[in-house]
>>> print(open('final-v5.cif').read())   # mmCIF, C-alpha atoms
data_input
#
loop_
_atom_site.label_atom_id
_atom_site.label_comp_id
_atom_site.auth_asym_id
_atom_site.auth_seq_id
_atom_site.Cartn_x
_atom_site.Cartn_y
_atom_site.Cartn_z
CA MET G 195 111.26 156.69 205.85
CA ARG G 196 112.67 153.19 206.22
CA LEU G 197 113.34 153.72 209.94
CA LEU G 198 109.72 154.75 210.40
CA TYR G 199 108.62 151.77 208.32
CA SER G 200 110.69 149.42 210.52
CA LEU G 201 109.28 150.96 213.69
CA MET G 202 105.76 150.42 212.37
CA TRP G 203 106.59 146.76 211.74
CA TRP G 204 107.77 146.29 215.33
CA LEU G 205 104.73 148.07 216.76
CA ALA G 206 102.38 146.00 214.58
CA LEU G 207 104.11 142.67 215.26
CA PRO G 208 101.83 141.57 218.16
CA LEU G 209 98.78 142.25 215.98
CA VAL G 210 100.38 140.45 213.03
CA LEU G 211 101.06 137.36 215.14
CA ALA G 212 97.56 137.48 216.62
CA ARG G 213 96.15 137.59 213.10
CA LEU G 214 98.25 134.55 212.16
CA TRP G 215 96.80 132.64 215.10
CA TRP G 216 93.28 133.76 214.17
CA ARG G 217 93.70 132.67 210.55
CA GLY G 218 95.00 129.35 211.85
CA ARG G 219 91.47 128.47 212.98
CA ARG G 220 90.58 127.71 209.37
CA GLU G 221 94.05 127.11 207.95
CA PRO G 222 96.19 125.26 210.52
CA GLY G 223 99.29 125.96 208.43
CA TYR G 224 99.30 129.54 209.73
CA ARG G 225 100.09 128.19 213.21
CA ARG G 226 103.21 126.34 212.09
CA HIS G 227 106.83 127.48 211.56
CA TRP G 228 106.39 130.76 213.45
CA ALA G 229 110.11 130.92 214.24
CA GLU G 230 110.86 131.19 210.52
CA ARG G 231 108.62 134.25 210.18
CA LEU G 232 110.80 135.88 212.87
CA GLY G 233 114.04 134.96 211.13
CA TYR G 234 115.04 131.84 213.10
CA TYR G 235 115.90 128.77 211.00
CA GLY G 236 117.98 126.55 213.24
CA ALA G 237 121.72 126.22 213.58
CA LYS G 238 123.89 126.96 210.60
CA PRO G 239 125.57 123.78 209.29
CA ARG G 240 129.33 123.51 209.79
CA ALA G 241 129.96 122.31 206.27
CA ALA G 242 130.26 124.97 203.61
CA ALA G 243 126.95 125.64 201.90
CA PRO G 244 126.67 125.06 198.16
CA LEU G 245 125.80 127.90 195.84
CA SER G 246 122.44 129.09 197.20
CA ILE G 247 119.87 130.82 195.02
CA TRP G 248 117.02 132.41 196.94
CA VAL G 249 113.64 132.47 195.17
CA HIS G 250 110.69 134.17 196.88
CA ALA G 251 107.19 133.19 195.71
CA VAL G 252 104.59 134.67 198.04
CA SER G 253 101.68 132.26 197.47
CA VAL G 254 100.17 129.66 195.13
CA GLY G 255 100.16 131.61 191.87
CA GLU G 256 103.73 132.84 192.19
CA THR G 257 104.94 129.40 193.27
CA ARG G 258 103.40 127.73 190.26
CA ALA G 259 104.80 130.45 188.01
CA ALA G 260 108.26 129.85 189.46
CA GLU G 261 108.29 126.17 188.47
CA PRO G 262 109.91 126.43 185.02
CA LEU G 263 112.48 128.94 186.30
CA ILE G 264 113.46 126.81 189.31
CA ASP G 265 113.76 123.70 187.16
CA ALA G 266 115.93 125.63 184.71
CA LEU G 267 118.14 127.04 187.51
CA LEU G 268 118.81 123.58 188.89
CA VAL G 269 119.87 122.37 185.44
CA ALA G 270 121.99 125.43 184.60
CA TRP G 271 123.83 125.42 187.97
CA PRO G 272 124.16 121.73 188.98
CA GLU G 273 126.03 122.71 192.16
CA CYS G 274 123.31 125.03 193.42
CA ARG G 275 120.50 124.62 195.88
CA ILE G 276 117.29 126.65 195.86
CA ILE G 277 116.00 128.35 199.01
CA LEU G 278 112.30 128.83 198.23
CA THR G 279 110.41 131.19 200.55
CA HIS G 280 106.69 131.88 200.84
CA MET G 281 104.27 133.97 202.87
CA THR G 282 101.26 131.61 202.91
CA PRO G 283 100.81 127.96 203.91
CA THR G 284 99.01 127.28 200.62
CA GLY G 285 102.05 128.58 198.75
CA ARG G 286 104.31 126.37 200.83
CA ALA G 287 102.11 123.31 200.25
CA THR G 288 102.09 124.02 196.52
CA GLY G 289 105.88 124.25 196.54
CA ALA G 290 106.18 120.94 198.38
CA ALA G 291 103.95 119.26 195.78
CA LEU G 292 105.76 120.79 192.79
CA PHE G 293 109.36 120.49 193.93
CA GLY G 294 109.51 117.48 196.24
CA ARG G 295 111.17 115.58 193.41
CA HIS G 296 114.29 117.74 193.82
CA GLY G 297 115.01 116.43 197.31
CA ALA G 298 117.72 118.23 199.28
CA ARG G 299 118.48 120.56 196.37
CA LEU G 300 115.44 122.64 197.31
CA LEU G 301 114.67 123.91 200.80
CA GLN G 302 111.45 125.68 201.77
CA ALA G 303 110.89 128.30 204.44
CA TYR G 304 108.72 131.27 205.27
CA LEU G 305 110.03 134.71 204.40
CA PRO G 306 110.80 136.57 207.62
CA TYR G 307 108.86 139.72 208.38
CA ASP G 308 110.44 142.78 206.80
CA THR G 309 112.58 144.08 209.64
CA GLY G 310 116.32 144.50 209.15
CA SER G 311 117.30 142.05 211.90
CA MET G 312 114.97 139.26 210.81
CA VAL G 313 115.99 139.46 207.16
CA GLY G 314 119.62 139.71 208.26
CA ARG G 315 119.32 136.44 210.17
CA PHE G 316 117.88 134.76 207.09
CA ILE G 317 120.76 135.94 204.90
CA ALA G 318 123.38 134.95 207.48
CA ARG G 319 121.83 131.48 207.83
CA PHE G 320 121.45 130.59 204.15
CA GLU G 321 124.13 132.77 202.48
CA PRO G 322 122.26 133.31 199.20
CA ARG G 323 124.31 134.39 196.20
CA VAL G 324 121.31 136.12 194.66
CA CYS G 325 117.72 136.93 195.66
CA ILE G 326 115.02 136.38 193.01
CA LEU G 327 111.63 137.90 193.79
CA MET G 328 108.65 136.71 191.75
CA GLU G 329 106.23 139.18 190.11
CA THR G 330 105.39 142.05 192.49
CA GLU G 331 107.24 141.48 195.77
CA VAL G 332 109.21 144.57 196.82
CA TRP G 333 110.21 144.65 200.51
CA PRO G 334 112.26 147.73 201.53
CA ASN G 335 114.25 146.18 204.40
CA LEU G 336 114.85 142.95 202.50
CA ILE G 337 116.33 144.86 199.58
CA ALA G 338 118.39 147.08 201.89
CA ALA G 339 119.73 144.06 203.81
CA CYS G 340 120.69 142.36 200.56
CA GLY G 341 122.46 145.53 199.43
CA ARG G 342 124.51 145.71 202.65
CA ARG G 343 125.61 142.10 202.23
CA GLY G 344 126.36 142.22 198.52
CA VAL G 345 123.43 140.00 197.50
CA PRO G 346 121.98 141.28 194.21
CA VAL G 347 118.19 141.34 193.92
CA ALA G 348 116.30 140.42 190.75
CA LEU G 349 112.56 140.95 190.28
CA VAL G 350 111.47 138.46 187.61
CA ASN G 351 108.22 137.83 185.80
CA ALA G 352 107.55 141.35 187.01
CA ARG G 353 104.22 143.08 186.53
CA LEU G 354 103.18 146.52 187.73
CA SER G 355 99.71 147.85 187.00
CA GLN G 356 98.98 151.57 186.76
CA ARG G 357 97.05 151.28 190.01
CA SER G 358 100.01 149.68 191.82
CA LEU G 359 102.36 152.30 190.38
CA GLY G 360 100.15 155.03 191.82
CA LYS G 361 100.26 153.40 195.25
CA ALA G 362 104.05 153.09 195.07
CA GLN G 363 104.45 156.74 194.12
CA ARG G 364 102.22 157.85 196.99
CA LEU G 365 104.55 156.05 199.42
CA GLY G 366 107.34 158.30 198.19
CA GLY G 367 110.94 157.62 199.13
CA LEU G 368 110.34 154.29 200.85
CA LEU G 369 109.53 152.28 197.72
CA LEU G 370 111.55 154.48 195.40
CA ASP G 371 114.70 153.75 197.42
CA ALA G 372 113.82 150.05 197.46
CA ALA G 373 113.28 150.01 193.69
CA ARG G 374 116.66 151.62 193.10
CA GLY G 375 118.23 148.79 195.11
CA ILE G 376 117.03 146.17 192.62
CA SER G 377 119.82 145.00 190.29
CA LEU G 378 117.59 143.55 187.56
CA VAL G 379 113.94 143.57 186.59
CA ALA G 380 112.71 141.02 184.03
CA ALA G 381 109.31 142.45 183.09
CA GLN G 382 106.39 140.63 181.52
CA THR G 383 105.48 143.43 179.08
CA GLU G 384 106.80 146.71 177.76
CA ALA G 385 104.06 148.53 179.67
CA ASP G 386 105.19 146.87 182.91
CA ALA G 387 108.80 147.78 182.10
CA ALA G 388 107.93 151.43 181.44
CA ARG G 389 106.12 151.73 184.76
CA VAL G 390 109.01 150.05 186.63
CA ARG G 391 111.50 152.47 185.05
CA THR G 392 109.56 155.42 186.46
CA LEU G 393 110.45 154.10 189.93
CA GLY G 394 114.14 154.51 189.17
CA VAL G 395 115.22 150.95 188.33
CA ALA G 396 118.08 151.15 185.86
CA ASN G 397 118.28 147.60 184.50
CA VAL G 398 114.86 146.62 183.12
CA VAL G 399 114.44 144.01 180.37
CA VAL G 400 111.21 142.72 178.80
CA THR G 401 111.26 138.91 178.85
CA GLY G 402 107.56 137.96 178.69
CA SER G 403 105.59 135.88 181.18
CA ILE G 404 107.19 132.73 182.57
CA LYS G 405 103.68 131.39 183.16
CA PHE G 406 103.48 130.54 179.46
CA ASP G 407 106.29 128.03 180.04
CA VAL G 408 104.49 126.11 182.78
CA GLN G 409 103.73 122.57 181.60
CA ALA G 410 100.71 120.62 182.79
CA PRO G 411 101.99 117.56 184.71
CA ALA G 412 100.97 114.21 183.28
CA ALA G 413 99.47 113.23 186.64
CA ALA G 414 97.24 116.33 186.60
CA LEU G 415 96.03 115.55 183.08
CA ALA G 416 95.29 111.98 184.12
CA ALA G 417 93.37 113.24 187.16
CA GLY G 418 91.42 115.57 184.88
CA ALA G 419 90.56 112.68 182.56
CA ARG G 420 89.31 110.61 185.52
CA LEU G 421 87.23 113.53 186.77
CA ARG G 422 85.75 114.06 183.32
CA ALA G 423 84.85 110.36 183.13
CA GLN G 424 83.01 110.69 186.44
CA ILE G 425 81.15 113.77 185.19
CA GLY G 426 80.19 112.14 181.92
CA ALA G 427 79.10 113.77 178.66
CA ARG G 428 77.28 116.76 180.16
CA PRO G 429 78.75 120.21 179.38
CA VAL G 430 81.04 121.71 182.02
CA LEU G 431 81.56 125.42 182.73
CA LEU G 432 84.53 125.89 185.03
CA CYS G 433 84.52 129.00 187.23
CA ALA G 434 88.20 129.11 188.22
CA SER G 435 89.82 131.06 191.07
CA THR G 436 86.60 132.77 192.07
CA ARG G 437 86.77 135.44 194.77
CA GLU G 438 84.40 136.41 197.56
CA GLY G 439 81.20 137.91 196.16
CA GLU G 440 81.56 136.33 192.73
CA GLU G 441 80.04 132.93 193.55
CA GLU G 442 76.80 134.59 194.63
CA LEU G 443 76.63 136.47 191.32
CA LEU G 444 77.38 133.32 189.34
CA LEU G 445 74.78 131.20 191.12
CA ALA G 446 72.08 133.86 190.80
CA ALA G 447 72.81 134.23 187.07
CA TYR G 448 72.77 130.44 186.65
CA ARG G 449 69.31 130.27 188.20
CA ARG G 450 68.02 133.18 186.09
CA ALA G 451 69.34 131.62 182.89
CA GLY G 452 67.31 128.48 183.53
CA ALA G 453 66.15 126.73 180.38
CA SER G 454 68.37 128.84 178.11
CA LEU G 455 71.39 126.88 179.36
CA PRO G 456 72.47 123.63 177.67
CA ALA G 457 70.75 120.58 179.13
CA GLY G 458 72.64 119.16 182.09
CA LEU G 459 75.14 122.06 182.35
CA LEU G 460 77.46 121.50 185.33
CA LEU G 461 78.97 124.46 187.15
CA LEU G 462 82.43 123.51 188.41
CA ILE G 463 83.34 126.23 190.94
CA VAL G 464 86.91 126.42 192.30
CA PRO G 465 87.35 129.23 194.87
CA ARG G 466 90.77 130.82 194.88
CA HIS G 467 91.18 130.64 198.66
CA PRO G 468 90.75 127.24 200.37
CA GLN G 469 89.50 128.77 203.62
CA ARG G 470 86.32 129.70 201.70
CA PHE G 471 85.41 126.18 200.57
CA ASP G 472 82.84 125.62 203.32
CA ALA G 473 81.32 129.09 202.90
CA VAL G 474 80.86 128.55 199.17
CA ALA G 475 79.32 125.13 199.79
CA ALA G 476 76.83 126.72 202.19
CA LEU G 477 76.08 129.41 199.61
CA VAL G 478 75.29 126.81 196.92
CA GLU G 479 73.05 124.83 199.22
CA GLY G 480 71.36 128.05 200.34
CA GLN G 481 70.40 128.65 196.71
CA GLY G 482 68.62 125.28 196.67
CA LEU G 483 71.08 123.78 194.17
CA SER G 484 72.31 120.21 194.39
CA LEU G 485 76.00 120.19 195.40
CA ARG G 486 78.81 117.67 195.28
CA ARG G 487 82.34 118.26 196.53
CA ARG G 488 85.41 117.19 194.59
CA SER G 489 86.83 115.69 197.80
CA GLN G 490 83.76 113.44 198.12
CA LEU G 491 83.87 112.47 194.47
CA ALA G 492 87.54 111.54 194.74
CA LEU G 493 86.82 109.24 197.68
CA ASP G 494 83.93 107.24 196.26
CA ASP G 495 85.28 107.28 192.66
CA GLY G 496 81.76 106.75 191.30
CA PRO G 497 79.93 108.72 188.62
CA LEU G 498 78.53 112.15 189.39
CA ALA G 499 74.77 111.98 189.86
CA PRO G 500 72.95 113.71 186.96
CA GLU G 501 70.91 115.92 189.32
CA VAL G 502 74.05 117.60 190.73
CA ALA G 503 74.11 121.19 189.47
CA VAL G 504 77.33 122.39 191.12
CA LEU G 505 80.61 120.58 191.69
CA LEU G 506 82.78 122.38 194.25
CA GLY G 507 86.51 122.13 193.57
CA ASP G 508 87.63 121.88 197.20
CA SER G 509 91.10 120.47 196.58
CA MET G 510 94.57 121.98 196.34
CA GLY G 511 97.00 121.63 193.47
CA GLU G 512 94.45 120.38 190.93
CA MET G 513 93.82 123.44 188.80
CA PHE G 514 95.30 121.81 185.70
CA ALA G 515 93.02 118.81 186.34
CA TYR G 516 89.99 121.11 186.54
CA TYR G 517 90.96 122.81 183.29
CA ALA G 518 91.44 119.42 181.64
CA ALA G 519 87.97 118.33 182.75
CA CYS G 520 86.01 121.39 181.56
CA ASP G 521 84.69 122.55 178.18
CA CYS G 522 85.26 126.27 178.75
CA ALA G 523 86.53 128.34 181.67
CA PHE G 524 85.56 131.58 183.34
CA ILE G 525 88.55 133.19 185.09
CA GLY G 526 87.60 134.62 188.48
CA GLY G 527 88.53 137.91 190.09
CA SER G 528 87.16 139.70 187.03
CA LEU G 529 83.43 140.14 187.71
CA LEU G 530 84.25 142.46 190.62
CA PRO G 531 87.04 145.10 190.60
CA LEU G 532 89.70 142.69 191.87
CA GLY G 533 92.04 142.71 188.88
CA GLY G 534 91.43 139.27 187.43
CA GLN G 535 93.60 136.14 187.45
CA ASN G 536 95.92 134.30 185.11
CA LEU G 537 94.22 132.88 182.01
CA ILE G 538 97.37 131.26 180.65
CA GLU G 539 96.87 127.78 182.12
CA ALA G 540 93.41 127.48 180.59
CA SER G 541 94.78 128.59 177.22
CA ALA G 542 97.69 126.15 177.44
CA LEU G 543 95.16 123.31 177.65
CA GLY G 544 93.20 124.62 174.68
CA LYS G 545 90.18 125.80 176.66
CA PRO G 546 88.14 128.82 175.53
CA VAL G 547 88.25 131.54 178.19
CA LEU G 548 85.51 133.84 179.45
CA THR G 549 86.53 136.84 181.52
CA GLY G 550 84.77 139.72 183.23
CA PRO G 551 85.62 143.40 182.70
CA HIS G 552 88.03 143.83 185.65
CA THR G 553 91.39 142.49 184.48
CA PHE G 554 93.77 145.34 185.34
CA ASN G 555 96.34 143.01 186.97
CA PHE G 556 96.62 141.05 183.70
CA ALA G 557 95.61 143.74 181.23
CA LEU G 558 97.95 143.04 178.30
CA VAL G 559 97.76 139.24 178.36
CA THR G 560 93.97 139.52 178.48
CA GLN G 561 93.96 141.96 175.56
CA ASP G 562 96.23 139.64 173.58
CA ALA G 563 94.01 136.65 174.32
CA LEU G 564 90.93 138.59 173.20
CA ALA G 565 92.70 139.68 170.00
CA ALA G 566 93.72 136.06 169.32
CA ASP G 567 90.10 134.88 169.70
CA ALA G 568 91.24 132.76 172.65
CA ALA G 569 88.97 134.62 175.08
CA VAL G 570 85.67 136.50 175.24
CA LEU G 571 84.97 139.51 177.46
CA VAL G 572 81.61 139.59 179.27
CA ALA G 573 80.10 142.53 181.13
CA ASP G 574 78.55 140.68 184.08
CA ALA G 575 77.41 137.29 185.36
CA ASP G 576 74.25 137.23 183.24
CA ALA G 577 76.26 137.95 180.10
CA LEU G 578 78.68 135.22 181.17
CA MET G 579 75.93 132.61 181.36
CA ALA G 580 74.48 133.73 178.01
CA GLN G 581 77.88 133.58 176.31
CA ALA G 582 78.69 130.20 177.86
CA ALA G 583 75.32 128.85 176.66
CA ARG G 584 75.99 129.99 173.08
CA LEU G 585 79.50 128.60 173.10
CA LEU G 586 78.62 125.23 174.61
CA GLN G 587 75.84 124.72 172.06
CA ASP G 588 78.10 125.51 169.08
CA ALA G 589 80.63 122.70 168.76
CA ALA G 590 82.45 124.29 165.81
CA ARG G 591 82.88 127.62 167.61
CA LEU G 592 84.00 125.88 170.81
CA ALA G 593 86.63 123.89 168.91
CA ALA G 594 87.88 126.96 167.01
CA MET G 595 88.31 129.01 170.18
CA GLY G 596 90.10 126.10 171.82
CA ALA G 597 92.54 125.86 168.92
CA HIS G 598 93.13 129.62 169.05
CA ALA G 599 93.76 129.42 172.81
CA LEU G 600 96.36 126.70 172.34
CA ALA G 601 98.11 128.62 169.56
CA PHE G 602 98.08 131.78 171.69
CA ALA G 603 99.76 129.99 174.61
CA ARG G 604 102.42 128.37 172.42
CA GLN G 605 103.24 131.63 170.67
CA HIS G 606 104.26 133.34 173.91
CA ARG G 607 106.57 130.70 175.35
CA GLY G 608 110.28 131.29 175.95
CA ALA G 609 110.36 133.76 178.88
CA THR G 610 112.19 131.29 181.11
CA ALA G 611 115.16 131.02 178.75
CA ARG G 612 115.26 134.80 178.29
CA THR G 613 115.19 135.33 182.06
CA LEU G 614 117.83 132.68 182.71
CA ALA G 615 120.19 134.37 180.25
CA LEU G 616 120.14 137.55 182.38
CA LEU G 617 121.17 135.92 185.65
CA PRO G 618 124.86 134.84 185.27
CA PRO G 619 126.29 138.33 185.96
CA LEU G 620 124.40 138.39 189.27
CA LEU G 621 125.72 135.00 190.31
CA ASP G 622 129.41 135.70 189.69
CA PRO G 623 130.37 137.88 192.66
CA ALA G 624 130.45 136.21 196.07
CA PRO G 625 128.23 137.77 198.75
CA ALA G 626 129.87 139.94 201.40
CA VAL G 627 128.16 138.24 204.36
#
>>> encode(input="final-v5.cif", output="structure tokens")
Amino acid sequence: MRLLYSLMWWLALPLVLARLWWRGRREPGYRRHWAERLGYYGAKPRAAAPLSIWVHAVSVGETRAAEPLIDALLVAWPECRIILTHMTPTGRATGAALFGRHGARLLQAYLPYDTGSMVGRFIARFEPRVCILMETEVWPNLIAACGRRGVPVALVNARLSQRSLGKAQRLGGLLLDAARGISLVAAQTEADAARVRTLGVANVVVTGSIKFDVQAPAAALAAGARLRAQIGARPVLLCASTREGEEELLLAAYRRAGASLPAGLLLLIVPRHPQRFDAVAALVEGQGLSLRRRSQLALDDGPLAPEVAVLLGDSMGEMFAYYAACDCAFIGGSLLPLGGQNLIEASALGKPVLTGPHTFNFALVTQDALAADAAVLVADADALMAQAARLLQDAARLAAMGAHALAFARQHRGATARTLALLPPLLDPAPAV
């Protein structure tokens, strides 16, 4: 199965590279560092490498989730360096913003495509002592290459929905063999752990979600305060990490709600994918709504005009600032069957959360937030606008939900320390490179 999988990778490679070039029309980052995606990282230094810990965080969400773990690793092993790999340019840019303060102790690169030779070149170049995969990344050839070279693989902050489990089981031996090659899984919940165990992983421990340990940077909070000052006293409904198709539903519901909404309500829409910023702007203007972009507002630094109905969050790395500037937050990916997004950051800033019905990628944390009165479930976009209107016009209820959200986030912290305690046995043996 893995030989067939590798052959398919090689046959698809021209199409994969063509797709990278095509995506680079909107995101120039996809046209950079191509050699790294093929496993070429420059000459190996002559001096002996320090202890190298390889952390793979595919994109923005995983990179941000990795922050407390990477900071803790650098403190626990002062002699180590982190090799942080990504699959997307937005993930790489997020990593540069978060970890630039660590200087030469953290190197960034793209993960090579999952062929044995490409992954082998990566391992030979960087000599990692351990490979730490964030959340859901299971690559058969990567795990096999690590096994051949004595590099243990840990899957941390792991989550596995019932839907993803079904897909893995349909692929048969390919992913089952890969799962059995994982030395340690640190799962977010007991349900995630149970599903991982059905794949044949022997060492599975429930540690909780590391995302609860992420701290809002002071600079982000200051940026949020400045943004809120520009917006003024009008109520703000943040629509965070929205996905394609959701903005149209939100804007239509906003128009239908009309006078039932609080006076001056501002929709702050932050699409999950930056390549969609222009398309969402065109959609807003096509609805006849007055639009302002965050990038424009940041440049002129003046107050937001009162007639602006929609503020488009077209910036990277400012999600904490957007949460700080809002009164309540809808978490995108949940109005359509896309699985939802992380509601932890909003809760950590004491913001009441509204979520749609499709949260299967974050099922337990959403259920816990609902039970803690930190979040409210809505059936569709119209129900979202109605619930937001009630909440924003009830100061006592808004404050109570915010306090519950903050307590919920604080209650679940500690996963980083629990995960870190599991790693020393994996770092003891030297790799057989």
>>> resolve_selection(input="final-v5.cif", expression="the PyMOL selection byres ((chain G and resi 575-586) around 7)", output="PyMOL selection string")
chain G and resi 429+443-444+447-448+451+455-456+572-574+587-589+591-592
>>> residues_around(input="final-v5.cif", residues="Ala372 (chain G)", least_positions_apart="3", cutoff="6 Å", atoms="only C-alpha atoms", output="ChimeraX atom specification")
/G:334,369,375
>>> atom_distance(input="final-v5.cif", atom1="CA of Pro618 (chain G)", atom2="CA of Val379 (chain G)")
14.0 Å
>>> resolve_selection(input="final-v5.cif", expression="the PyMOL selection byres ((chain G and resi 533) around 6)", output="PyMOL selection string")
chain G and resi 531-532+534+552-555
>>> residues_around(input="final-v5.cif", residues="Leu621 (chain G)", least_positions_apart="2", cutoff="12 Å", atoms="only C-alpha atoms", output="ChimeraX atom specification")
/G:245-248,267,270-271,274,322-326,344-348,377,614-619,623-625
>>> residues_around(input="final-v5.cif", residues="region 308-314 of chain G", least_positions_apart="5", cutoff="9 Å", atoms="all atoms listed in the file", output="list of chain:residue names")
G:Tyr199, G:Ser200, G:Leu201, G:Trp203, G:Trp204, G:Arg231, G:Leu232, G:Gly233, G:Tyr234, G:Arg319, G:Trp333, G:Pro334, G:Asn335, G:Leu336, G:Ala338, G:Ala339, G:Cys340, G:Arg343
>>> residues_near_point(input="final-v5.cif", point="(84.8, 132.0, 184.2)", cutoff="10 Å", atoms="all atoms listed in the file", output="mmCIF file with C-alpha atoms, keeping the file's coordinate frame")
data_model
loop_
_atom_site.group_PDB
_atom_site.id
_atom_site.type_symbol
_atom_site.label_atom_id
_atom_site.label_comp_id
_atom_site.auth_asym_id
_atom_site.auth_seq_id
_atom_site.Cartn_x
_atom_site.Cartn_y
_atom_site.Cartn_z
ATOM 1 C CA LEU G 431 81.560 125.420 182.730
ATOM 2 C CA LEU G 432 84.530 125.890 185.030
ATOM 3 C CA CYS G 433 84.520 129.000 187.230
ATOM 4 C CA ALA G 434 88.200 129.110 188.220
ATOM 5 C CA SER G 435 89.820 131.060 191.070
ATOM 6 C CA THR G 436 86.600 132.770 192.070
ATOM 7 C CA LEU G 444 77.380 133.320 189.340
ATOM 8 C CA LEU G 461 78.970 124.460 187.150
ATOM 9 C CA LEU G 462 82.430 123.510 188.410
ATOM 10 C CA ILE G 463 83.340 126.230 190.940
ATOM 11 C CA CYS G 522 85.260 126.270 178.750
ATOM 12 C CA ALA G 523 86.530 128.340 181.670
ATOM 13 C CA PHE G 524 85.560 131.580 183.340
ATOM 14 C CA ILE G 525 88.550 133.190 185.090
ATOM 15 C CA GLY G 526 87.600 134.620 188.480
ATOM 16 C CA GLY G 527 88.530 137.910 190.090
ATOM 17 C CA SER G 528 87.160 139.700 187.030
ATOM 18 C CA LEU G 529 83.430 140.140 187.710
ATOM 19 C CA LEU G 537 94.220 132.880 182.010
ATOM 20 C CA PRO G 546 88.140 128.820 175.530
ATOM 21 C CA VAL G 547 88.250 131.540 178.190
ATOM 22 C CA LEU G 548 85.510 133.840 179.450
ATOM 23 C CA THR G 549 86.530 136.840 181.520
ATOM 24 C CA GLY G 550 84.770 139.720 183.230
ATOM 25 C CA VAL G 572 81.610 139.590 179.270
ATOM 26 C CA ALA G 575 77.410 137.290 185.360
ATOM 27 C CA LEU G 578 78.680 135.220 181.170
ATOM 28 C CA MET G 579 75.930 132.610 181.360
ATOM 29 C CA ALA G 582 78.690 130.200 177.860
#
>>> atom_distance(input="final-v5.cif", atom1="CA of Ser541 (chain G)", atom2="CA of Ala568 (chain G)")
7.1 Å
>>> residues_around(input="final-v5.cif", residues="Leu498 (chain G)", least_positions_apart="6", cutoff="8 Å", atoms="all atoms listed in the file", output="PyMOL selection string")
chain G and resi 424-426+491
>>> residues_near_point(input="final-v5.cif", point="(104.1, 136.1, 213.8)", cutoff="10 Å", atoms="all atoms listed in the file", output="list in words")
Leu207, Pro208, Leu209, Val210, Leu211, Ala212, Arg213, Leu214, Trp215, Tyr224, Arg225, Arg226, His227, Trp228, Ala229, Glu230, Arg231, Leu232, Pro306 and Tyr307 of chain G
>>> resolve_selection(input="final-v5.cif", expression="the PyMOL selection byres ((chain G and resi 558-562) around 10)", output="ChimeraX atom specification")
/G:382-386,402-403,534-538,547,549,553-557,563-571,602,606
>>> atom_distance(input="final-v5.cif", atom1="CA of Gly255 (chain G)", atom2="CA of Thr288 (chain G)")
9.1 Å
>>> closest_residue(input="final-v5.cif", among="G:Gly596, G:Leu359, G:Arg217, G:Gly297", to="Ala388 (chain G)", atoms="all atoms listed in the file")
G:Leu359
>>> closest_residue(input="final-v5.cif", among="G:Leu198, G:Leu368, G:Cys520, G:Leu445", to="Arg420 (chain G)", atoms="all atoms listed in the file")
G:Cys520
>>> closest_residue(input="final-v5.cif", among="G:Leu493, G:Leu485, G:Ala251, G:Ala259", to="Met281 (chain G)", atoms="all atoms listed in the file")
G:Ala251
>>> closest_residue(input="final-v5.cif", among="G:Leu301, G:Leu505, G:Val408, G:Leu349", to="Tyr235 (chain G)", atoms="only C-alpha atoms")
G:Leu301
>>> residues_around(input="final-v5.cif", residues="region 470-480 of chain G", least_positions_apart="3", cutoff="6 Å", atoms="all atoms listed in the file", output="list in words")
His467, Leu483 and Asp508 of chain G
>>> decode(input="final-v5.cif", residues="region 549-574 of chain G", atoms="C-alpha atoms", output="mmCIF file, in the first residue's frame")
data_model
loop_
_atom_site.group_PDB
_atom_site.id
_atom_site.type_symbol
_atom_site.label_atom_id
_atom_site.label_comp_id
_atom_site.auth_asym_id
_atom_site.auth_seq_id
_atom_site.Cartn_x
_atom_site.Cartn_y
_atom_site.Cartn_z
ATOM 1 C CA THR G 549 -21.583 29.025 17.007
ATOM 2 C CA GLY G 550 -23.515 27.296 14.259
ATOM 3 C CA PRO G 551 -24.605 23.638 14.352
ATOM 4 C CA HIS G 552 -21.627 22.139 12.448
ATOM 5 C CA THR G 553 -18.827 21.765 14.998
ATOM 6 C CA PHE G 554 -17.758 18.140 14.529
ATOM 7 C CA ASN G 555 -14.026 19.018 14.424
ATOM 8 C CA PHE G 556 -14.315 20.619 17.881
ATOM 9 C CA ALA G 557 -17.273 18.699 19.249
ATOM 10 C CA LEU G 558 -16.299 18.230 22.901
ATOM 11 C CA VAL G 559 -14.814 21.680 23.510
ATOM 12 C CA THR G 560 -17.949 23.194 21.975
ATOM 13 C CA GLN G 561 -20.191 21.030 24.166
ATOM 14 C CA ASP G 562 -18.181 22.028 27.234
ATOM 15 C CA ALA G 563 -18.414 25.717 26.333
ATOM 16 C CA LEU G 564 -22.182 25.420 25.864
ATOM 17 C CA ALA G 565 -22.526 23.636 29.212
ATOM 18 C CA ALA G 566 -20.450 26.366 30.896
ATOM 19 C CA ASP G 567 -22.721 29.090 29.463
ATOM 20 C CA ALA G 568 -19.691 30.444 27.594
ATOM 21 C CA ALA G 569 -21.319 29.849 24.190
ATOM 22 C CA VAL G 570 -24.717 29.717 22.494
ATOM 23 C CA LEU G 571 -25.638 27.383 19.636
ATOM 24 C CA VAL G 572 -27.644 28.868 16.754
ATOM 25 C CA ALA G 573 -29.343 26.966 13.943
ATOM 26 C CA ASP G 574 -28.599 29.330 11.048
#
